[in-house]
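Next comes query_6.pdb, a file with PDB, C-alpha atoms, pLDDT in the B column.
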```
ATOM      1  CA  MET A  13      94.953 133.368  85.780  1.00 63.00           C
ATOM      2  CA  LEU A  14      98.689 134.195  85.659  1.00 60.00           C
ATOM      3  CA  GLU A  15      97.957 137.901  85.205  1.00 74.00           C
ATOM      4  CA  ASP A  16      95.760 138.070  88.315  1.00 78.00           C
ATOM      5  CA  PRO A  17      97.872 139.896  90.975  1.00 80.00           C
ATOM      6  CA  ASP A  18      95.993 138.135  93.784  1.00 84.00           C
ATOM      7  CA  LYS A  19      96.675 134.645  92.444  1.00 80.00           C
ATOM      8  CA  ASP A  20      99.537 132.671  94.032  1.00 79.00           C
ATOM      9  CA  VAL A  21     101.627 131.426  91.078  1.00 73.00           C
ATOM     10  CA  SER A  22     104.509 129.946  93.085  1.00 75.00           C
ATOM     11  CA  ALA A  23     103.400 126.411  92.102  1.00 72.00           C
ATOM     12  CA  PHE A  24     103.904 127.361  88.452  1.00 68.00           C
ATOM     13  CA  GLU A  25     107.338 128.863  89.100  1.00 69.00           C
ATOM     14  CA  ASP A  26     108.815 125.750  90.732  1.00 70.00           C
ATOM     15  CA  TYR A  27     110.225 123.444  88.022  1.00 63.00           C
ATOM     16  CA  ARG A  28     109.722 120.397  90.276  1.00 66.00           C
ATOM     17  CA  ASN A  29     105.975 120.716  89.693  1.00 68.00           C
ATOM     18  CA  PHE A  30     106.335 120.227  85.929  1.00 65.00           C
ATOM     19  CA  TYR A  31     107.537 116.641  85.873  1.00 64.00           C
ATOM     20  CA  ALA A  32     106.686 113.328  87.449  1.00 66.00           C
ATOM     21  CA  PHE A  33     109.466 110.759  87.584  1.00 70.00           C
ATOM     22  CA  GLU A  34     109.293 107.038  87.986  1.00 77.00           C
ATOM     23  CA  ILE A  35     112.212 104.645  88.359  1.00 80.00           C
ATOM     24  CA  HIS A  36     111.960 101.103  87.037  1.00 81.00           C
ATOM     25  CA  MET A  37     114.506  98.429  87.944  1.00 79.00           C
ATOM     26  CA  GLU A  38     115.242  95.367  85.855  1.00 81.00           C
ATOM     27  CA  ASP A  39     116.991  92.209  86.983  1.00 81.00           C
ATOM     28  CA  VAL A  40     119.714  91.622  84.394  1.00 82.00           C
ATOM     29  CA  HIS A  41     119.366  87.826  84.669  1.00 88.00           C
ATOM     30  CA  THR A  42     115.606  87.270  84.842  1.00 92.00           C
ATOM     31  CA  LYS A  43     114.529  90.493  83.078  1.00 90.00           C
ATOM     32  CA  ALA A  44     111.902  90.933  85.814  1.00 88.00           C
ATOM     33  CA  ARG A  45     110.917  94.593  86.162  1.00 88.00           C
ATOM     34  CA  THR A  46     109.767  96.337  89.318  1.00 83.00           C
ATOM     35  CA  ARG A  47     109.002  99.923  90.184  1.00 82.00           C
ATOM     36  CA  TRP A  48     111.329 101.493  92.734  1.00 75.00           C
ATOM     37  CA  GLU A  49     108.315 102.944  94.518  1.00 77.00           C
ATOM     38  CA  THR A  50     107.021  99.457  95.364  1.00 76.00           C
ATOM     39  CA  ARG A  51     110.397  98.405  96.840  1.00 72.00           C
ATOM     40  CA  ARG A  52     111.339 101.688  98.443  1.00 71.00           C
ATOM     41  CA  ASN A  53     110.870 100.664 102.060  1.00 72.00           C
ATOM     42  CA  THR A  54     111.359  96.912 101.692  1.00 72.00           C
ATOM     43  CA  GLY A  55     114.894  96.440 100.322  1.00 67.00           C
ATOM     44  CA  SER A  56     118.296  96.904 101.886  1.00 71.00           C
ATOM     45  CA  GLY A  57     119.913 100.317 102.110  1.00 68.00           C
ATOM     46  CA  ALA A  58     121.742  99.703  98.834  1.00 69.00           C
ATOM     47  CA  GLU A  59     118.555  98.538  97.104  1.00 70.00           C
ATOM     48  CA  GLN A  60     116.956 101.803  98.121  1.00 74.00           C
ATOM     49  CA  GLN A  61     119.890 104.097  97.302  1.00 80.00           C
ATOM     50  CA  VAL A  62     121.396 102.645  94.107  1.00 81.00           C
ATOM     51  CA  PRO A  63     118.450 103.473  91.793  1.00 82.00           C
ATOM     52  CA  LEU A  64     118.504 107.085  92.981  1.00 83.00           C
ATOM     53  CA  TYR A  65     122.261 107.449  92.471  1.00 85.00           C
ATOM     54  CA  VAL A  66     121.950 105.890  88.995  1.00 85.00           C
ATOM     55  CA  ALA A  67     119.180 108.362  88.118  1.00 84.00           C
ATOM     56  CA  ILE A  68     121.234 111.285  89.476  1.00 85.00           C
ATOM     57  CA  GLY A  69     124.272 110.209  87.450  1.00 85.00           C
ATOM     58  CA  ALA A  70     122.249 109.772  84.265  1.00 83.00           C
ATOM     59  CA  SER A  71     120.608 113.164  84.806  1.00 81.00           C
ATOM     60  CA  LEU A  72     123.951 114.902  85.338  1.00 81.00           C
ATOM     61  CA  ALA A  73     125.398 113.235  82.245  1.00 79.00           C
ATOM     62  CA  ALA A  74     122.365 114.237  80.167  1.00 75.00           C
ATOM     63  CA  VAL A  75     122.517 117.854  81.290  1.00 72.00           C
ATOM     64  CA  TYR A  76     126.264 118.484  81.516  1.00 72.00           C
ATOM     65  CA  GLY A  77     127.835 115.824  79.305  1.00 67.00           C
ATOM     66  CA  SER A  78     131.177 114.500  80.455  1.00 61.00           C
ATOM     67  CA  ALA A  79     134.433 116.074  81.582  1.00 56.00           C
ATOM     68  CA  VAL A  80     135.583 116.225  77.936  1.00 57.00           C
ATOM     69  CA  SER A  81     133.864 118.894  75.861  1.00 54.00           C
ATOM     70  CA  HIS A  82     132.818 118.530  72.233  1.00 53.00           C
ATOM     71  CA  ARG A  83     136.194 120.013  71.226  1.00 58.00           C
ATOM     72  CA  GLY A  84     138.084 117.367  73.174  1.00 60.00           C
ATOM     73  CA  GLN A  85     139.139 119.808  75.899  1.00 57.00           C
ATOM     74  CA  LYS A  86     138.782 119.002  79.576  1.00 59.00           C
ATOM     75  CA  GLY A  87     136.091 120.819  81.463  1.00 60.00           C
ATOM     76  CA  MET A  88     134.320 120.540  84.773  1.00 67.00           C
ATOM     77  CA  SER A  89     131.740 117.847  85.242  1.00 73.00           C
ATOM     78  CA  PRO A  90     131.119 117.644  88.996  1.00 76.00           C
ATOM     79  CA  ALA A  91     128.883 115.360  91.015  1.00 81.00           C
ATOM     80  CA  LEU A  92     128.953 116.444  94.665  1.00 83.00           C
ATOM     81  CA  PHE A  93     127.568 114.316  97.490  1.00 83.00           C
ATOM     82  CA  ASP A  94     127.352 114.571 101.261  1.00 84.00           C
ATOM     83  CA  GLU A  95     127.427 111.231 103.104  1.00 80.00           C
ATOM     84  CA  ALA A  96     127.553 109.544  99.699  1.00 77.00           C
ATOM     85  CA  PHE A  97     126.479 105.928  99.409  1.00 77.00           C
ATOM     86  CA  SER A  98     126.101 105.825 103.201  1.00 76.00           C
ATOM     87  CA  LYS A  99     123.789 102.802 103.329  1.00 78.00           C
ATOM     88  CA  MET A 100     125.741 100.709 100.822  1.00 81.00           C
ATOM     89  CA  ASP A 101     128.323  98.031 101.389  1.00 78.00           C
ATOM     90  CA  GLY A 102     131.801  98.361  99.877  1.00 74.00           C
ATOM     91  CA  LYS A 103     130.907  96.397  96.729  1.00 77.00           C
ATOM     92  CA  ASN A 104     127.985  98.688  95.891  1.00 81.00           C
ATOM     93  CA  GLN A 105     129.981 101.808  96.778  1.00 81.00           C
ATOM     94  CA  ARG A 106     132.719 100.743  94.363  1.00 80.00           C
ATOM     95  CA  ALA A 107     130.139  99.962  91.677  1.00 83.00           C
ATOM     96  CA  MET A 108     128.675 103.459  92.041  1.00 85.00           C
ATOM     97  CA  MET A 109     132.116 105.094  91.938  1.00 83.00           C
ATOM     98  CA  ALA A 110     132.964 103.128  88.776  1.00 83.00           C
ATOM     99  CA  TYR A 111     129.597 104.111  87.267  1.00 86.00           C
ATOM    100  CA  TYR A 112     130.238 107.815  87.864  1.00 85.00           C
ATOM    101  CA  ALA A 113     133.773 107.475  86.463  1.00 81.00           C
ATOM    102  CA  ASP A 114     132.358 105.800  83.340  1.00 83.00           C
ATOM    103  CA  LEU A 115     129.957 108.721  82.962  1.00 83.00           C
ATOM    104  CA  GLY A 116     132.904 111.125  83.106  1.00 80.00           C
ATOM    105  CA  ARG A 117     131.758 112.699  86.362  1.00 80.00           C
ATOM    106  CA  GLN A 118     134.246 114.325  88.678  1.00 79.00           C
ATOM    107  CA  VAL A 119     132.991 113.068  92.020  1.00 83.00           C
ATOM    108  CA  GLY A 120     133.364 115.081  95.203  1.00 84.00           C
ATOM    109  CA  ILE A 121     132.313 113.341  98.399  1.00 84.00           C
ATOM    110  CA  ALA A 122     131.995 114.447 101.987  1.00 83.00           C
ATOM    111  CA  ALA A 123     132.266 111.237 103.986  1.00 81.00           C
ATOM    112  CA  PRO A 124     133.362 110.020 107.409  1.00 80.00           C
ATOM    113  CA  LEU A 125     136.797 108.439 107.816  1.00 80.00           C
ATOM    114  CA  GLU A 126     135.446 104.866 107.944  1.00 79.00           C
ATOM    115  CA  LYS A 127     134.321 105.158 104.280  1.00 78.00           C
ATOM    116  CA  LYS A 128     137.884 105.900 103.117  1.00 80.00           C
ATOM    117  CA  PRO A 129     138.892 102.274 102.338  1.00 78.00           C
ATOM    118  CA  ALA A 130     135.905 101.776 100.020  1.00 75.00           C
ATOM    119  CA  ILE A 131     136.390 104.951  97.973  1.00 79.00           C
ATOM    120  CA  ILE A 132     140.125 105.728  98.067  1.00 83.00           C
ATOM    121  CA  GLY A 133     140.880 103.686  94.937  1.00 84.00           C
ATOM    122  CA  TYR A 134     138.571 105.962  92.938  1.00 83.00           C
ATOM    123  CA  MET A 135     139.568 109.355  94.319  1.00 85.00           C
ATOM    124  CA  HIS A 136     142.300 111.519  92.801  1.00 87.00           C
ATOM    125  CA  SER A 137     142.693 113.578  95.934  1.00 88.00           C
ATOM    126  CA  LEU A 138     141.454 113.605  99.503  1.00 88.00           C
ATOM    127  CA  VAL A 139     141.035 116.579 101.764  1.00 88.00           C
ATOM    128  CA  GLU A 140     141.218 115.317 105.314  1.00 87.00           C
ATOM    129  CA  ILE A 141     139.789 117.651 107.931  1.00 87.00           C
ATOM    130  CA  ASP A 142     141.034 117.329 111.498  1.00 88.00           C
ATOM    131  CA  ARG A 143     139.401 119.263 114.287  1.00 88.00           C
ATOM    132  CA  ILE A 144     141.328 119.924 117.488  1.00 90.00           C
ATOM    133  CA  ASN A 145     139.360 121.876 120.051  1.00 92.00           C
ATOM    134  CA  GLU A 146     138.077 124.957 118.222  1.00 92.00           C
ATOM    135  CA  GLN A 147     140.503 124.771 115.291  1.00 93.00           C
ATOM    136  CA  SER A 148     140.220 122.805 112.061  1.00 92.00           C
ATOM    137  CA  PHE A 149     143.133 121.738 109.897  1.00 91.00           C
ATOM    138  CA  ALA A 150     142.998 120.558 106.287  1.00 91.00           C
ATOM    139  CA  ASN A 151     145.504 118.190 104.763  1.00 90.00           C
ATOM    140  CA  VAL A 152     145.376 117.444 101.019  1.00 90.00           C
ATOM    141  CA  VAL A 153     146.508 114.016  99.832  1.00 89.00           C
ATOM    142  CA  TYR A 154     146.962 113.448  96.094  1.00 91.00           C
ATOM    143  CA  ILE A 155     146.609 109.877  94.864  1.00 91.00           C
ATOM    144  CA  GLY A 156     148.219 108.999  91.534  1.00 92.00           C
ATOM    145  CA  LYS A 157     146.815 106.501  89.036  1.00 91.00           C
ATOM    146  CA  ARG A 158     149.304 103.764  89.928  1.00 93.00           C
ATOM    147  CA  ALA A 159     148.488 104.113  93.633  1.00 91.00           C
ATOM    148  CA  ARG A 160     144.730 103.966  92.904  1.00 87.00           C
ATOM    149  CA  ASP A 161     145.222 100.864  90.749  1.00 88.00           C
ATOM    150  CA  GLU A 162     147.318  99.167  93.447  1.00 89.00           C
ATOM    151  CA  ILE A 163     144.825 100.048  96.167  1.00 86.00           C
ATOM    152  CA  LEU A 164     141.983  98.541  94.149  1.00 82.00           C
ATOM    153  CA  ALA A 165     144.052  95.447  93.309  1.00 82.00           C
ATOM    154  CA  MET A 166     144.874  94.685  96.945  1.00 80.00           C
ATOM    155  CA  ASN A 167     141.390  95.300  98.329  1.00 76.00           C
ATOM    156  CA  PRO A 168     140.018  91.827  99.192  1.00 72.00           C
ATOM    157  CA  GLU A 169     136.478  92.969  98.454  1.00 69.00           C
ATOM    158  CA  THR A 170     137.412  93.427  94.778  1.00 68.00           C
ATOM    159  CA  LEU A 171     138.683  89.861  94.439  1.00 70.00           C
ATOM    160  CA  SER A 172     136.629  86.959  93.157  1.00 72.00           C
ATOM    161  CA  ASP A 173     136.399  83.693  95.097  1.00 76.00           C
ATOM    162  CA  ALA A 174     138.857  82.125  92.625  1.00 82.00           C
ATOM    163  CA  ASP A 175     141.353  84.983  93.183  1.00 78.00           C
ATOM    164  CA  ILE A 176     141.155  84.569  96.951  1.00 76.00           C
ATOM    165  CA  ALA A 177     141.592  80.777  96.699  1.00 80.00           C
ATOM    166  CA  ALA A 178     144.622  81.216  94.411  1.00 82.00           C
ATOM    167  CA  ARG A 179     146.234  83.714  96.805  1.00 76.00           C
ATOM    168  CA  MET A 180     145.598  81.483  99.803  1.00 80.00           C
ATOM    169  CA  ALA A 181     147.083  78.500  97.975  1.00 85.00           C
ATOM    170  CA  ALA A 182     150.174  80.548  97.086  1.00 80.00           C
ATOM    171  CA  GLU A 183     150.788  81.350 100.744  1.00 73.00           C
TER     172      GLU A 183
END
```
For the structure just supplied, provide its representation as structure tokens.
Amino acid sequence: MLEDPDKDVSAFEDYRNFYAFEIHMEDVHTKARTRWETRRNTGSGAEQQVPLYVAIGASLAAVYGSAVSHRGQKGMSPALFDEAFSKMDGKNQRAMMAYYADLGRQVGIAAPLEKKPAIIGYMHSLVEIDRINEQSFANVVYIGKRARDEILAMNPETLSDADIAARMAAE
């Protein structure tokens, strides 16, 4: 069949036709398992996006390893996203950023300005693009480890209820 010049073999050439994938989710408390396919259009934006981002991260880690090679030298280990985590709240966005950091991924995100507070504590640098009329200007901002740590520490969304109560009592 593959040697027949009149036969269309494009379906055999596309790697996406070789595998079928299924995502299962498990509640860590109840151990209840559900298929993502059954919840795909019923959950919140985060419930729909998180399993896909977890699968993407695991796939990238399986294929490329982490940013540290087997010889202990740093290498590239990118994960690039456009409008990353767009349907998630800040808590889920931070959880995904921490997940990718734990995997050793070097995350690059194209995101609108309003997403900056949720992700800035995880980014090492930001490239801000400003457009004025027909011209675009890029400004690079480097964020050191101490600044990232401080940003995460002062973000109220990262605080527990007990932390917030203690801070309010101190004021």
Evaluated on this file, the PyMOL selection byres ((chain A and resi 136) around 12) picks out some residues - which ones are they, written as a PDB file with C-alpha atoms, in the frame of the given file?
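Okay, this is what ended up in selection32.pdb:
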```pdb
ATOM      1  CA  ALA A 113     133.773 107.475  86.463  1.00 81.00           C
ATOM      2  CA  GLN A 118     134.246 114.325  88.678  1.00 79.00           C
ATOM      3  CA  VAL A 119     132.991 113.068  92.020  1.00 83.00           C
ATOM      4  CA  GLY A 120     133.364 115.081  95.203  1.00 84.00           C
ATOM      5  CA  ILE A 121     132.313 113.341  98.399  1.00 84.00           C
ATOM      6  CA  ILE A 131     136.390 104.951  97.973  1.00 79.00           C
ATOM      7  CA  ILE A 132     140.125 105.728  98.067  1.00 83.00           C
ATOM      8  CA  GLY A 133     140.880 103.686  94.937  1.00 84.00           C
ATOM      9  CA  TYR A 134     138.571 105.962  92.938  1.00 83.00           C
ATOM     10  CA  MET A 135     139.568 109.355  94.319  1.00 85.00           C
ATOM     11  CA  SER A 137     142.693 113.578  95.934  1.00 88.00           C
ATOM     12  CA  LEU A 138     141.454 113.605  99.503  1.00 88.00           C
ATOM     13  CA  VAL A 139     141.035 116.579 101.764  1.00 88.00           C
ATOM     14  CA  VAL A 152     145.376 117.444 101.019  1.00 90.00           C
ATOM     15  CA  VAL A 153     146.508 114.016  99.832  1.00 89.00           C
ATOM     16  CA  TYR A 154     146.962 113.448  96.094  1.00 91.00           C
ATOM     17  CA  ILE A 155     146.609 109.877  94.864  1.00 91.00           C
ATOM     18  CA  GLY A 156     148.219 108.999  91.534  1.00 92.00           C
ATOM     19  CA  LYS A 157     146.815 106.501  89.036  1.00 91.00           C
ATOM     20  CA  ARG A 158     149.304 103.764  89.928  1.00 93.00           C
ATOM     21  CA  ALA A 159     148.488 104.113  93.633  1.00 91.00           C
ATOM     22  CA  ARG A 160     144.730 103.966  92.904  1.00 87.00           C
ATOM     23  CA  ASP A 161     145.222 100.864  90.749  1.00 88.00           C
TER      24      ASP A 161
END
```
Which residues match the PyMOL selection byres ((chain A and resi 59-74) around 9) in the file above, as number ranges by chain? A: 35-37, 48, 51-58, 75-78, 89-91, 97-100, 104, 108, 111-112, 115-117
Write the selection just made, keeping C-alpha atoms, as a short mmCIF file (atom, residue, chain, number, x, y, z; two decimals), in the frame of the given file?
```
data_model
loop_
_atom_site.label_atom_id
_atom_site.label_comp_id
_atom_site.auth_asym_id
_atom_site.auth_seq_id
_atom_site.Cartn_x
_atom_site.Cartn_y
_atom_site.Cartn_z
CA ILE A 35 112.21 104.64 88.36
CA HIS A 36 111.96 101.10 87.04
CA MET A 37 114.51 98.43 87.94
CA TRP A 48 111.33 101.49 92.73
CA ARG A 51 110.40 98.40 96.84
CA ARG A 52 111.34 101.69 98.44
CA ASN A 53 110.87 100.66 102.06
CA THR A 54 111.36 96.91 101.69
CA GLY A 55 114.89 96.44 100.32
CA SER A 56 118.30 96.90 101.89
CA GLY A 57 119.91 100.32 102.11
CA ALA A 58 121.74 99.70 98.83
CA VAL A 75 122.52 117.85 81.29
CA TYR A 76 126.26 118.48 81.52
CA GLY A 77 127.84 115.82 79.31
CA SER A 78 131.18 114.50 80.46
CA SER A 89 131.74 117.85 85.24
CA PRO A 90 131.12 117.64 89.00
CA ALA A 91 128.88 115.36 91.02
CA PHE A 97 126.48 105.93 99.41
CA SER A 98 126.10 105.82 103.20
CA LYS A 99 123.79 102.80 103.33
CA MET A 100 125.74 100.71 100.82
CA ASN A 104 127.98 98.69 95.89
CA MET A 108 128.68 103.46 92.04
CA TYR A 111 129.60 104.11 87.27
CA TYR A 112 130.24 107.82 87.86
CA LEU A 115 129.96 108.72 82.96
CA GLY A 116 132.90 111.12 83.11
CA ARG A 117 131.76 112.70 86.36
#
```
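Comparing A:Phe93, A:Arg106, A:Ser22, A:Glu15 by their smallest distance to A:Asn167, the closest is A:Arg106 (using only C-alpha atoms).
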Result set of the PyMOL selection byres ((chain A and resi 94) around 8) on the coordinates above, as an MDAnalysis selection string: chainID A and resid 92:93 95:96 121:123
Kindly give the distance, in Å, that separates atom CA of A:Lys103 and atom CA of A:Leu171, rounded to a single decimal.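 For atom CA of A:Lys103 relative to atom CA of A:Leu171, the distance reads 10.4 Å.
Taking all atoms listed in the file into account, A:Leu164 lies nearest to A:Gly102 out of the set A:Ser148, A:Lys43, A:Ala178, A:Gly102.
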Centre, edges in Å (one decimal): axis-aligned box, stretch 53-67 of chain A, 8 Å padding on all six sides, as AutoDock Vina command-line options:
```
--center_x 116.6 --center_y 102.4 --center_z 95.1 --size_x 27.4 --size_y 27.9 --size_z 30.0
```
Using all atoms listed in the file, the shortest atom-to-atom distance to A:Asp101 among A:Ala130, A:Ile163, A:Val40, A:Met180 belongs to A:Ala130
Would you mind reading off the distance between atom CA of A:Ala165 and atom CA of A:Ile141, one decimal, in Å?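 One can read the atom CA of A:Ala165 to atom CA of A:Ile141 distance as 26.9 Å.
Here atom CA of A:Asp26 stands at a distance of 26.8 Å from atom CA of A:Thr50.
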